[in-house]
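Everything below concerns the one structure shown next.
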Number of protein chains: 2
Amino acid sequence: MTSKDSMPSGPTCPVPISRYEHVLLAHGGGGRLMHRLLEEIFLPAFDNPTLRTRHDGATLVWSSERLAFTTDAYVVRPLFFPGGDIGTLAVNGTVNDLAMCGARPLAMAAAFILEEGLPMETLQRVVQSMRSAAAAVGVSFVTGDTKVVDRGRADGLYITTTGLGHIAEGIQISPTQIRTGDRILLNGDLGRHGVAIMAVREGLAFETTITSDCAPLVEPVFRLIEAGVQVRCLRDLTRGGLATALVELAETTGMDLLVDEAAVPVSEEVQGACEILGLDPLHVANEGRFLAVVAPEDADRAVALLQQHAPELNAAVIGQVRGPGQGQVTLRSRIGAPRILDMFSGEQLPRIC
Amino acid sequence: MTSKDSMPSGPTCPVPISRYEHVLLAHGGGGRLMHRLLEEIFLPAFDNPTLRTRHDGATLVWSSERLAFTTDAYVVRPLFFPGGDIGTLAVNGTVNDLAMCGARPLAMAAAFILEEGLPMETLQRVVQSMRSAAAAVGVSFVTGDTKVVDRGRADGLYITTTGLGHIAEGIQISPTQIRTGDRILLNGDLGRHGVAIMAVREGLAFETTITSDCAPLVEPVFRLIEAGVQVRCLRDLTRGGLATALVELAETTGMDLLVDEAAVPVSEEVQGACEILGLDPLHVANEGRFLAVVAPEDADRAVALLQQHAPELNAAVIGQVRGPGQGQVTLRSRIGAPRILDMFSGEQLPRIC
């Protein structure tokens, strides 16, 4: 690493990639630096209209039908954590990216990179988790690949899963659908996945064990859609958390968003753990939470549907779309003062998924 | 590692996975051990009819159309080698798996696992290679993902690419199509990729630089199909080489195959290098070579079409399908004595792709 490569300070510092001679952990953190990496290296090289939509999954039109296509690599440390493991994450994470496109999963592919010396029993446990998670959403792994790398690499194993889904006729879920006055809602309380991982990693014990929220989101999403809720846009709140998802949405659409911090559900235990760990729940990764932008007249019904599906999660309306503007997210804080919300510059929690 | 984990000797030793407490490099080698890993861990867990076909790609039927779906992780060392790099490999390898299903590529996805400290310039070079390779076959990357792992992991970078392709009406390419008397042909000479990688890794210099055969196979495959050649089955000759592809085919179909060693094209330079390196060209990985099983009456025309496409590769008929039997491959050697061909037990060349 050269002196050029030090992390920029502050949450918003928009340092161009050309300033970096080497990849940093922060380039994978889901924040501003990762966005720069995408914008300056990957997007110019692979530019095409589908990629330019910058969604978690691509929508392909095929034979007058629409397919959703998404891929994710999973490198979480540790491999096992309260509430899940790399296998459940690799299935739910990819299934959820399909759900965020309004797609039901059709088929999955898995590529394994195994470290020489990985206990066969560990591999078996992970594979069984994947099997259960896939069965829970009724999808199958139809193709795959396995590679083995030398001892000391790959932290046991990495998994890349790819999902193919079908978007039924009439479903139009995209940032372009967002309109002034739309409501922003969350399907549940924030921060459980990130805090669960950090607690294991740091060897922290809280009064109660905080478990990851890792879960498939197909059912809650389709409860909304099938009940006729006008769902404009969906985002799962993984790397970078709620803050990053909101900022991405505002920047993509040029819409100004207003979020009421007091309305954002965070459990007492997660709030307490975040204070100890120095984390902001708005930036912490989740693996079973999404935001939905819905028509204002459908907001209360949508929250009721989500609460009916999972009463313990405390789904809530947290804000609204103010209208075309500078593409900024304003957070009305608990003490009433408004502040502009931004994504993290680099990495709050490395290797979270 | 325990004493249980030592490599079995001999090329065919069918040791069950339960004998191994840990993953070995050999479990990724494309040989018998990797097949055991698939059969005993992955296939039982993820069992379904599509996966059971055991092809490099899955065929999905969608809206009366057929889609091919394939994924591969690339972990080649070194990242750059004569004739290509991990980026060209990651595109061509996946495009070729689609071609082997008789599919034209529709869309690609890429997931990058980057090592902290990777020079940004290296990433740029790899991404440019992917861009060029994708453009050469007219396919786009429509979605992707990037993760960063700690220094010392991931050997610079790993790439997983997933391909989605379309299989036109009337194309039926599958081991089940193979009939008695069919001819087996190769599109070119063997062993260049494996030898090129080994030469770089071992720091060997031969009289001429042997370059990898890494290339897209869409065009030669569709030359055959569009000329009306009755193509029964296709296999690309990657990990495990020609021998593994033939043995897999024989075992899947229960057909006995006969191959004439003297007819298998191997260049003098590769033959010489293999002797020095102690490799058998029949087991060495290729990244731009495939075998085609075609109707006997079309064999000569098929070879002529392949030679027309790339005269320097020395496409040739190398054998035939004897008929239903024990699912064995017999090699008629140069000195005339027949021997049963088997795949390697473990790993001839680790990290070749």
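Residues are named by chain letter and number: chains run A, B, ... in the order of the structure tokens, numbers start at 1 in each chain, and ligands are numbered from 1 in the order shown.
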
Got a sec to align chain A on chain B by every in-order Cα pair and hand back the fitted coordinates as a compact mmCIF listing (two decimals) with C-alpha atoms, in the first residue's frame?
```
# COMPACT_ATOMS: atom_id res chain seq x y z
CA MET A 1 -5.11 -32.81 8.01
CA THR A 2 -5.34 -36.28 9.48
CA SER A 3 -3.75 -39.46 8.21
CA LYS A 4 -7.10 -40.26 6.68
CA ASP A 5 -6.67 -37.38 4.30
CA SER A 6 -3.71 -38.56 2.26
CA MET A 7 -4.19 -38.78 -1.49
CA PRO A 8 -5.12 -42.21 -2.76
CA SER A 9 -2.62 -43.62 -5.22
CA GLY A 10 -3.38 -44.74 -8.74
CA PRO A 11 -5.57 -43.07 -11.27
CA THR A 12 -8.87 -44.76 -10.44
CA CYS A 13 -9.00 -45.30 -6.68
CA PRO A 14 -12.67 -44.68 -5.84
CA VAL A 15 -12.30 -43.54 -2.25
CA PRO A 16 -15.58 -42.34 -0.72
CA ILE A 17 -15.75 -38.79 0.61
CA SER A 18 -16.52 -40.10 4.08
CA ARG A 19 -12.89 -41.25 4.16
CA TYR A 20 -11.80 -37.61 4.00
CA GLU A 21 -12.13 -35.35 7.00
CA HIS A 22 -10.90 -32.32 5.07
CA VAL A 23 -11.09 -30.88 1.60
CA LEU A 24 -7.96 -31.51 -0.48
CA LEU A 25 -6.73 -29.57 -3.49
CA ALA A 26 -7.43 -32.78 -5.38
CA HIS A 27 -11.15 -32.40 -4.65
CA GLY A 28 -11.12 -29.52 -7.14
CA GLY A 29 -9.13 -31.23 -9.85
CA GLY A 30 -11.92 -32.37 -12.09
CA GLY A 31 -11.03 -36.04 -11.59
CA ARG A 32 -12.54 -38.94 -9.71
CA LEU A 33 -12.22 -37.27 -6.31
CA MET A 34 -14.10 -34.18 -7.46
CA HIS A 35 -16.81 -36.41 -8.85
CA ARG A 36 -17.09 -38.12 -5.47
CA LEU A 37 -17.43 -34.74 -3.79
CA LEU A 38 -20.26 -33.83 -6.14
CA GLU A 39 -21.95 -37.20 -5.83
CA GLU A 40 -21.71 -37.50 -2.07
CA ILE A 41 -22.13 -33.93 -0.86
CA PHE A 42 -23.64 -31.60 -3.44
CA LEU A 43 -25.92 -33.81 -5.52
CA PRO A 44 -27.76 -35.50 -2.61
CA ALA A 45 -28.36 -32.11 -0.95
CA PHE A 46 -29.54 -30.25 -4.03
CA ASP A 47 -31.07 -33.19 -5.90
CA ASN A 48 -33.49 -32.36 -8.73
CA PRO A 49 -34.01 -33.64 -12.28
CA THR A 50 -32.14 -30.75 -13.94
CA LEU A 51 -29.09 -31.05 -11.70
CA ARG A 52 -29.12 -34.82 -12.19
CA THR A 53 -28.31 -34.40 -15.89
CA ARG A 54 -24.77 -33.58 -14.71
CA HIS A 55 -24.03 -31.30 -17.66
CA ASP A 56 -21.87 -28.17 -17.42
CA GLY A 57 -25.02 -26.12 -17.78
CA ALA A 58 -28.66 -26.61 -16.94
CA THR A 59 -31.44 -26.47 -19.49
CA LEU A 60 -34.57 -24.73 -18.26
CA VAL A 61 -37.81 -24.74 -20.15
CA TRP A 62 -39.46 -21.37 -20.02
CA SER A 63 -42.52 -20.19 -21.93
CA SER A 64 -42.01 -23.01 -24.42
CA GLU A 65 -38.46 -21.76 -24.97
CA ARG A 66 -35.36 -23.40 -23.59
CA LEU A 67 -32.76 -21.50 -21.62
CA ALA A 68 -29.27 -22.68 -20.73
CA PHE A 69 -27.91 -21.61 -17.33
CA THR A 70 -24.34 -22.18 -16.16
CA THR A 71 -21.96 -20.85 -13.50
CA ASP A 72 -18.21 -21.21 -12.90
CA ALA A 73 -15.73 -19.86 -10.40
CA TYR A 74 -12.28 -18.96 -11.75
CA VAL A 75 -9.28 -19.20 -9.44
CA VAL A 76 -6.44 -19.63 -11.95
CA ARG A 77 -2.86 -18.94 -10.88
CA PRO A 78 -1.12 -16.90 -12.19
CA LEU A 79 -3.72 -14.29 -13.11
CA PHE A 80 -1.96 -13.59 -16.43
CA PHE A 81 -0.52 -16.25 -18.73
CA PRO A 82 0.49 -16.49 -22.39
CA GLY A 83 -2.70 -16.33 -24.43
CA GLY A 84 -5.03 -14.96 -21.81
CA ASP A 85 -5.78 -14.06 -18.21
CA ILE A 86 -8.38 -14.81 -15.55
CA GLY A 87 -10.74 -12.35 -17.27
CA THR A 88 -10.68 -13.94 -20.73
CA LEU A 89 -10.98 -17.34 -19.06
CA ALA A 90 -13.99 -16.23 -16.98
CA VAL A 91 -15.84 -15.08 -20.09
CA ASN A 92 -14.84 -17.82 -22.53
CA GLY A 93 -15.22 -20.62 -20.01
CA THR A 94 -18.81 -19.69 -19.24
CA VAL A 95 -19.74 -18.85 -22.83
CA ASN A 96 -18.33 -22.24 -23.81
CA ASP A 97 -20.46 -24.06 -21.26
CA LEU A 98 -23.49 -22.43 -22.90
CA ALA A 99 -22.24 -23.40 -26.37
CA MET A 100 -21.89 -27.01 -25.17
CA CYS A 101 -25.65 -26.91 -24.43
CA GLY A 102 -26.23 -25.70 -28.00
CA ALA A 103 -27.09 -22.26 -26.63
CA ARG A 104 -26.21 -18.79 -27.83
CA PRO A 105 -25.37 -16.46 -24.93
CA LEU A 106 -28.10 -14.00 -23.91
CA ALA A 107 -26.62 -12.36 -20.82
CA MET A 108 -23.82 -12.74 -18.30
CA ALA A 109 -23.34 -11.96 -14.60
CA ALA A 110 -20.00 -11.51 -12.83
CA ALA A 111 -19.14 -11.68 -9.12
CA PHE A 112 -15.69 -10.49 -8.09
CA ILE A 113 -13.87 -11.42 -4.89
CA LEU A 114 -10.98 -8.98 -4.64
CA GLU A 115 -8.03 -9.21 -2.28
CA GLU A 116 -7.27 -6.10 -0.27
CA GLY A 117 -4.09 -4.67 -1.75
CA LEU A 118 -4.77 -5.83 -5.32
CA PRO A 119 -3.21 -3.21 -7.60
CA MET A 120 -6.01 -1.20 -9.18
CA GLU A 121 -4.16 -1.49 -12.48
CA THR A 122 -4.39 -5.29 -12.32
CA LEU A 123 -8.13 -5.07 -11.79
CA GLN A 124 -8.39 -2.68 -14.74
CA ARG A 125 -6.49 -5.07 -17.02
CA VAL A 126 -8.67 -8.02 -16.05
CA VAL A 127 -11.86 -6.04 -16.50
CA GLN A 128 -10.72 -4.87 -19.94
CA SER A 129 -10.00 -8.49 -20.91
CA MET A 130 -13.51 -9.43 -19.85
CA ARG A 131 -14.94 -6.56 -21.81
CA SER A 132 -13.09 -7.61 -24.99
CA ALA A 133 -13.93 -11.28 -24.58
CA ALA A 134 -17.62 -10.50 -24.02
CA ALA A 135 -17.72 -8.13 -27.00
CA ALA A 136 -16.13 -10.82 -29.18
CA VAL A 137 -19.14 -13.05 -28.67
CA GLY A 138 -21.69 -10.24 -28.53
CA VAL A 139 -22.80 -10.75 -24.95
CA SER A 140 -23.16 -8.22 -22.12
CA PHE A 141 -22.66 -8.33 -18.37
CA VAL A 142 -26.04 -7.21 -17.12
CA THR A 143 -25.51 -7.61 -13.37
CA GLY A 144 -22.69 -8.20 -10.92
CA ASP A 145 -21.29 -8.03 -7.43
CA THR A 146 -18.02 -7.07 -5.76
CA LYS A 147 -16.65 -8.20 -2.43
CA VAL A 148 -13.26 -7.45 -0.89
CA VAL A 149 -11.49 -9.92 1.42
CA ASP A 150 -8.48 -9.45 3.66
CA ARG A 151 -4.91 -9.29 2.46
CA GLY A 152 -3.42 -12.75 1.93
CA ARG A 153 -6.71 -14.24 0.76
CA ALA A 154 -8.06 -14.73 -2.76
CA ASP A 155 -4.69 -14.60 -4.60
CA GLY A 156 -5.46 -11.18 -6.07
CA LEU A 157 -8.92 -11.95 -7.31
CA TYR A 158 -11.40 -14.70 -8.00
CA ILE A 159 -14.22 -14.27 -10.49
CA THR A 160 -17.47 -16.19 -10.78
CA THR A 161 -19.32 -15.74 -14.05
CA THR A 162 -22.80 -17.00 -14.79
CA GLY A 163 -24.24 -17.26 -18.27
CA LEU A 164 -27.78 -17.40 -19.53
CA GLY A 165 -28.29 -18.63 -23.09
CA HIS A 166 -31.02 -19.50 -25.52
CA ILE A 167 -31.37 -22.91 -27.15
CA ALA A 168 -33.09 -22.54 -30.50
CA GLU A 169 -35.96 -24.82 -31.47
CA GLY A 170 -34.93 -28.15 -32.87
CA ILE A 171 -31.52 -28.28 -31.19
CA GLN A 172 -31.18 -31.48 -29.15
CA ILE A 173 -27.69 -31.78 -27.73
CA SER A 174 -27.35 -34.21 -24.87
CA PRO A 175 -25.63 -37.48 -23.95
CA THR A 176 -28.99 -39.19 -24.41
CA GLN A 177 -28.79 -38.45 -28.16
CA ILE A 178 -25.66 -40.56 -28.67
CA ARG A 179 -26.10 -43.66 -30.87
CA THR A 180 -24.02 -46.65 -31.84
CA GLY A 181 -21.61 -45.82 -34.66
CA ASP A 182 -21.51 -42.07 -33.97
CA ARG A 183 -18.13 -40.47 -34.54
CA ILE A 184 -16.18 -38.52 -31.92
CA LEU A 185 -14.28 -35.50 -33.13
CA LEU A 186 -12.08 -32.77 -31.68
CA ASN A 187 -11.98 -29.18 -32.87
CA GLY A 188 -8.22 -28.94 -32.36
CA ASP A 189 -5.00 -30.03 -30.73
CA LEU A 190 -4.84 -30.68 -27.02
CA GLY A 191 -2.98 -29.44 -23.99
CA ARG A 192 -2.04 -25.84 -24.75
CA HIS A 193 -3.85 -24.21 -21.82
CA GLY A 194 -2.51 -26.53 -19.14
CA VAL A 195 1.02 -26.46 -20.47
CA ALA A 196 1.02 -22.66 -20.85
CA ILE A 197 -0.04 -22.26 -17.21
CA MET A 198 2.45 -24.81 -15.91
CA ALA A 199 5.30 -23.28 -17.90
CA VAL A 200 4.67 -19.87 -16.33
CA ARG A 201 4.21 -21.32 -12.88
CA GLU A 202 7.37 -23.40 -13.02
CA GLY A 203 9.35 -20.66 -14.78
CA LEU A 204 10.09 -22.97 -17.71
CA ALA A 205 11.09 -21.64 -21.10
CA PHE A 206 10.59 -23.82 -24.14
CA GLU A 207 11.96 -23.09 -27.59
CA THR A 208 8.70 -21.40 -28.51
CA THR A 209 6.24 -19.91 -26.04
CA ILE A 210 3.22 -22.16 -25.78
CA THR A 211 0.11 -20.02 -25.51
CA SER A 212 -3.20 -21.05 -24.00
CA ASP A 213 -5.91 -22.14 -26.42
CA CYS A 214 -8.43 -20.06 -24.42
CA ALA A 215 -11.10 -19.07 -26.96
CA PRO A 216 -14.86 -18.82 -27.37
CA LEU A 217 -16.47 -21.87 -28.97
CA VAL A 218 -19.78 -20.36 -30.04
CA GLU A 219 -18.77 -19.93 -33.66
CA PRO A 220 -17.34 -23.38 -34.37
CA VAL A 221 -20.30 -25.02 -32.62
CA PHE A 222 -22.85 -23.04 -34.60
CA ARG A 223 -20.99 -23.64 -37.86
CA LEU A 224 -21.72 -27.33 -37.33
CA ILE A 225 -25.30 -26.84 -36.23
CA GLU A 226 -26.19 -24.39 -38.96
CA ALA A 227 -24.66 -26.60 -41.64
CA GLY A 228 -27.08 -29.31 -40.59
CA VAL A 229 -24.49 -31.60 -39.01
CA GLN A 230 -26.34 -33.98 -36.67
CA VAL A 231 -24.58 -32.99 -33.46
CA ARG A 232 -25.55 -35.44 -30.70
CA CYS A 233 -23.47 -34.16 -27.82
CA LEU A 234 -20.75 -31.61 -27.05
CA ARG A 235 -18.22 -31.35 -24.22
CA ASP A 236 -15.53 -28.77 -23.65
CA LEU A 237 -12.26 -30.24 -22.46
CA THR A 238 -11.40 -28.18 -19.38
CA ARG A 239 -10.32 -29.62 -16.00
CA GLY A 240 -9.37 -33.25 -16.48
CA GLY A 241 -8.98 -32.81 -20.23
CA LEU A 242 -10.18 -35.13 -22.97
CA ALA A 243 -9.90 -38.24 -20.80
CA THR A 244 -12.32 -36.96 -18.17
CA ALA A 245 -14.81 -35.73 -20.76
CA LEU A 246 -14.82 -39.10 -22.52
CA VAL A 247 -15.11 -41.11 -19.30
CA GLU A 248 -17.97 -38.90 -18.06
CA LEU A 249 -19.78 -39.39 -21.34
CA ALA A 250 -19.29 -43.16 -21.33
CA GLU A 251 -20.39 -43.46 -17.70
CA THR A 252 -23.45 -41.22 -18.17
CA THR A 253 -24.67 -43.10 -21.23
CA GLY A 254 -23.42 -46.64 -20.56
CA MET A 255 -21.99 -46.56 -24.08
CA ASP A 256 -18.54 -47.97 -24.82
CA LEU A 257 -16.29 -45.56 -26.69
CA LEU A 258 -13.21 -46.32 -28.77
CA VAL A 259 -10.52 -43.69 -29.28
CA ASP A 260 -7.51 -43.94 -31.55
CA GLU A 261 -4.61 -42.27 -29.72
CA ALA A 262 -2.67 -41.67 -32.94
CA ALA A 263 -5.59 -39.63 -34.27
CA VAL A 264 -5.67 -37.26 -31.28
CA PRO A 265 -3.99 -34.01 -32.36
CA VAL A 266 -1.19 -32.87 -30.04
CA SER A 267 1.41 -30.40 -31.27
CA GLU A 268 5.08 -31.34 -31.09
CA GLU A 269 5.79 -28.49 -28.71
CA VAL A 270 3.02 -29.51 -26.31
CA GLN A 271 4.06 -33.17 -26.56
CA GLY A 272 7.64 -32.20 -25.71
CA ALA A 273 6.59 -29.97 -22.82
CA CYS A 274 4.30 -32.69 -21.44
CA GLU A 275 7.20 -35.12 -21.41
CA ILE A 276 9.35 -32.66 -19.47
CA LEU A 277 6.53 -31.82 -17.04
CA GLY A 278 5.40 -35.40 -16.64
CA LEU A 279 1.91 -34.71 -17.94
CA ASP A 280 -0.36 -36.74 -20.18
CA PRO A 281 -1.89 -34.50 -22.88
CA LEU A 282 -5.12 -36.51 -22.65
CA HIS A 283 -5.57 -35.31 -19.07
CA VAL A 284 -4.38 -31.73 -19.51
CA ALA A 285 -6.94 -28.91 -19.39
CA ASN A 286 -7.90 -26.96 -22.50
CA GLU A 287 -9.98 -23.78 -22.66
CA GLY A 288 -10.84 -23.64 -26.35
CA ARG A 289 -11.28 -27.27 -27.28
CA PHE A 290 -14.34 -29.46 -27.40
CA LEU A 291 -15.35 -32.91 -28.47
CA ALA A 292 -18.40 -33.38 -30.63
CA VAL A 293 -20.26 -36.62 -31.08
CA VAL A 294 -21.85 -36.53 -34.52
CA ALA A 295 -23.71 -38.88 -36.85
CA PRO A 296 -21.22 -41.04 -38.79
CA GLU A 297 -22.35 -39.75 -42.18
CA ASP A 298 -21.65 -36.16 -41.08
CA ALA A 299 -18.21 -36.70 -39.53
CA ASP A 300 -15.98 -35.80 -42.47
CA ARG A 301 -18.06 -32.75 -43.33
CA ALA A 302 -17.98 -31.63 -39.70
CA VAL A 303 -14.19 -31.88 -39.56
CA ALA A 304 -13.96 -29.95 -42.84
CA LEU A 305 -16.17 -27.20 -41.38
CA LEU A 306 -14.00 -26.96 -38.27
CA GLN A 307 -10.80 -26.92 -40.35
CA GLN A 308 -12.27 -24.19 -42.51
CA HIS A 309 -13.02 -22.14 -39.39
CA ALA A 310 -9.52 -22.57 -37.91
CA PRO A 311 -7.14 -24.48 -40.20
CA GLU A 312 -4.23 -24.27 -37.75
CA LEU A 313 -6.01 -26.26 -35.03
CA ASN A 314 -6.04 -29.63 -36.83
CA ALA A 315 -9.58 -30.75 -36.07
CA ALA A 316 -9.91 -34.50 -36.44
CA VAL A 317 -12.10 -37.55 -35.99
CA ILE A 318 -10.56 -39.40 -33.05
CA GLY A 319 -12.90 -42.27 -32.37
CA GLN A 320 -16.38 -43.70 -32.35
CA VAL A 321 -19.24 -44.94 -30.22
CA ARG A 322 -19.08 -48.73 -30.10
CA GLY A 323 -22.50 -49.18 -28.59
CA PRO A 324 -24.21 -50.00 -25.28
CA GLY A 325 -21.84 -51.78 -22.92
CA GLN A 326 -20.06 -51.11 -19.67
CA GLY A 327 -19.64 -47.40 -20.22
CA GLN A 328 -15.92 -47.72 -20.78
CA VAL A 329 -13.48 -45.80 -22.92
CA THR A 330 -10.92 -47.92 -24.77
CA LEU A 331 -7.82 -46.17 -26.06
CA ARG A 332 -6.04 -47.85 -28.97
CA SER A 333 -2.53 -46.65 -28.27
CA ARG A 334 0.14 -45.71 -30.78
CA ILE A 335 1.77 -49.09 -30.41
CA GLY A 336 -1.55 -50.77 -31.05
CA ALA A 337 -2.33 -52.19 -27.62
CA PRO A 338 -5.77 -51.26 -26.25
CA ARG A 339 -6.11 -49.89 -22.73
CA ILE A 340 -9.03 -48.68 -20.65
CA LEU A 341 -8.92 -44.92 -20.19
CA ASP A 342 -9.93 -43.45 -16.84
CA MET A 343 -10.10 -39.99 -15.35
CA PHE A 344 -7.43 -38.97 -12.88
CA SER A 345 -8.14 -39.70 -9.27
CA GLY A 346 -7.22 -36.29 -7.99
CA GLU A 347 -5.37 -33.33 -9.29
CA GLN A 348 -2.94 -33.24 -12.16
CA LEU A 349 -2.72 -29.46 -12.38
CA PRO A 350 -4.20 -27.49 -9.50
CA ARG A 351 -5.75 -24.06 -10.09
CA ILE A 352 -5.78 -24.31 -13.87
CA CYS A 353 -9.00 -22.36 -14.32
```

### Task
Could you give me, as number ranges by chain, each residue of segment 11-176 of chain A that DSSP assigns to alpha helix (DSSP H) when run on this structure's backbone?
A: 32-37, 43-46, 49-52, 86-100, 120-136

Let's have the selection written as a PDB file, in the first residue's frame, with C-alpha atoms.
```pdb
ATOM      1  CA  ARG A  32     -19.331   5.629  -1.324  1.00  0.00           C
ATOM      2  CA  LEU A  33     -15.975   4.030  -2.107  1.00  0.00           C
ATOM      3  CA  MET A  34     -17.595   0.880  -3.455  1.00  0.00           C
ATOM      4  CA  HIS A  35     -19.849   3.019  -5.595  1.00  0.00           C
ATOM      5  CA  ARG A  36     -16.793   4.782  -6.998  1.00  0.00           C
ATOM      6  CA  LEU A  37     -15.223   1.434  -7.810  1.00  0.00           C
ATOM      7  CA  LEU A  43     -19.612   0.271 -15.258  1.00  0.00           C
ATOM      8  CA  PRO A  44     -17.506   1.971 -17.973  1.00  0.00           C
ATOM      9  CA  ALA A  45     -16.051  -1.396 -19.028  1.00  0.00           C
ATOM     10  CA  PHE A  46     -19.300  -3.343 -19.102  1.00  0.00           C
ATOM     11  CA  PRO A  49     -28.636  -0.215 -20.681  1.00  0.00           C
ATOM     12  CA  THR A  50     -29.524  -3.085 -18.323  1.00  0.00           C
ATOM     13  CA  LEU A  51     -26.420  -2.672 -16.183  1.00  0.00           C
ATOM     14  CA  ARG A  52     -26.979   1.083 -16.108  1.00  0.00           C
ATOM     15  CA  ILE A  86     -22.882 -18.498   4.902  1.00  0.00           C
ATOM     16  CA  GLY A  87     -25.215 -21.042   3.268  1.00  0.00           C
ATOM     17  CA  THR A  88     -28.507 -19.511   4.435  1.00  0.00           C
ATOM     18  CA  LEU A  89     -27.110 -16.098   3.551  1.00  0.00           C
ATOM     19  CA  ALA A  90     -26.103 -17.233   0.048  1.00  0.00           C
ATOM     20  CA  VAL A  91     -29.617 -18.484  -0.663  1.00  0.00           C
ATOM     21  CA  ASN A  92     -31.663 -15.769   1.038  1.00  0.00           C
ATOM     22  CA  GLY A  93     -29.480 -12.931  -0.193  1.00  0.00           C
ATOM     23  CA  THR A  94     -29.901 -13.925  -3.824  1.00  0.00           C
ATOM     24  CA  VAL A  95     -33.569 -14.854  -3.511  1.00  0.00           C
ATOM     25  CA  ASN A  96     -34.128 -11.452  -1.916  1.00  0.00           C
ATOM     26  CA  ASP A  97     -32.460  -9.634  -4.790  1.00  0.00           C
ATOM     27  CA  LEU A  98     -34.954 -11.369  -7.087  1.00  0.00           C
ATOM     28  CA  ALA A  99     -37.848 -10.433  -4.790  1.00  0.00           C
ATOM     29  CA  MET A 100     -36.694  -6.789  -4.913  1.00  0.00           C
ATOM     30  CA  MET A 120     -15.749 -31.925   5.272  1.00  0.00           C
ATOM     31  CA  GLU A 121     -18.271 -31.658   8.093  1.00  0.00           C
ATOM     32  CA  THR A 122     -18.294 -27.860   7.769  1.00  0.00           C
ATOM     33  CA  LEU A 123     -19.003 -28.156   4.067  1.00  0.00           C
ATOM     34  CA  GLN A 124     -21.822 -30.604   4.823  1.00  0.00           C
ATOM     35  CA  ARG A 125     -23.411 -28.217   7.324  1.00  0.00           C
ATOM     36  CA  VAL A 126     -23.280 -25.303   4.904  1.00  0.00           C
ATOM     37  CA  VAL A 127     -24.697 -27.365   2.065  1.00  0.00           C
ATOM     38  CA  GLN A 128     -27.547 -28.566   4.287  1.00  0.00           C
ATOM     39  CA  SER A 129     -28.321 -24.956   5.226  1.00  0.00           C
ATOM     40  CA  MET A 130     -28.484 -24.078   1.549  1.00  0.00           C
ATOM     41  CA  ARG A 131     -30.738 -27.016   0.880  1.00  0.00           C
ATOM     42  CA  SER A 132     -33.158 -25.980   3.655  1.00  0.00           C
ATOM     43  CA  ALA A 133     -33.142 -22.318   2.667  1.00  0.00           C
ATOM     44  CA  ALA A 134     -33.798 -23.175  -0.991  1.00  0.00           C
ATOM     45  CA  ALA A 135     -36.582 -25.603  -0.067  1.00  0.00           C
ATOM     46  CA  ALA A 136     -38.197 -22.919   2.105  1.00  0.00           C
TER      47      ALA A 136
END
```
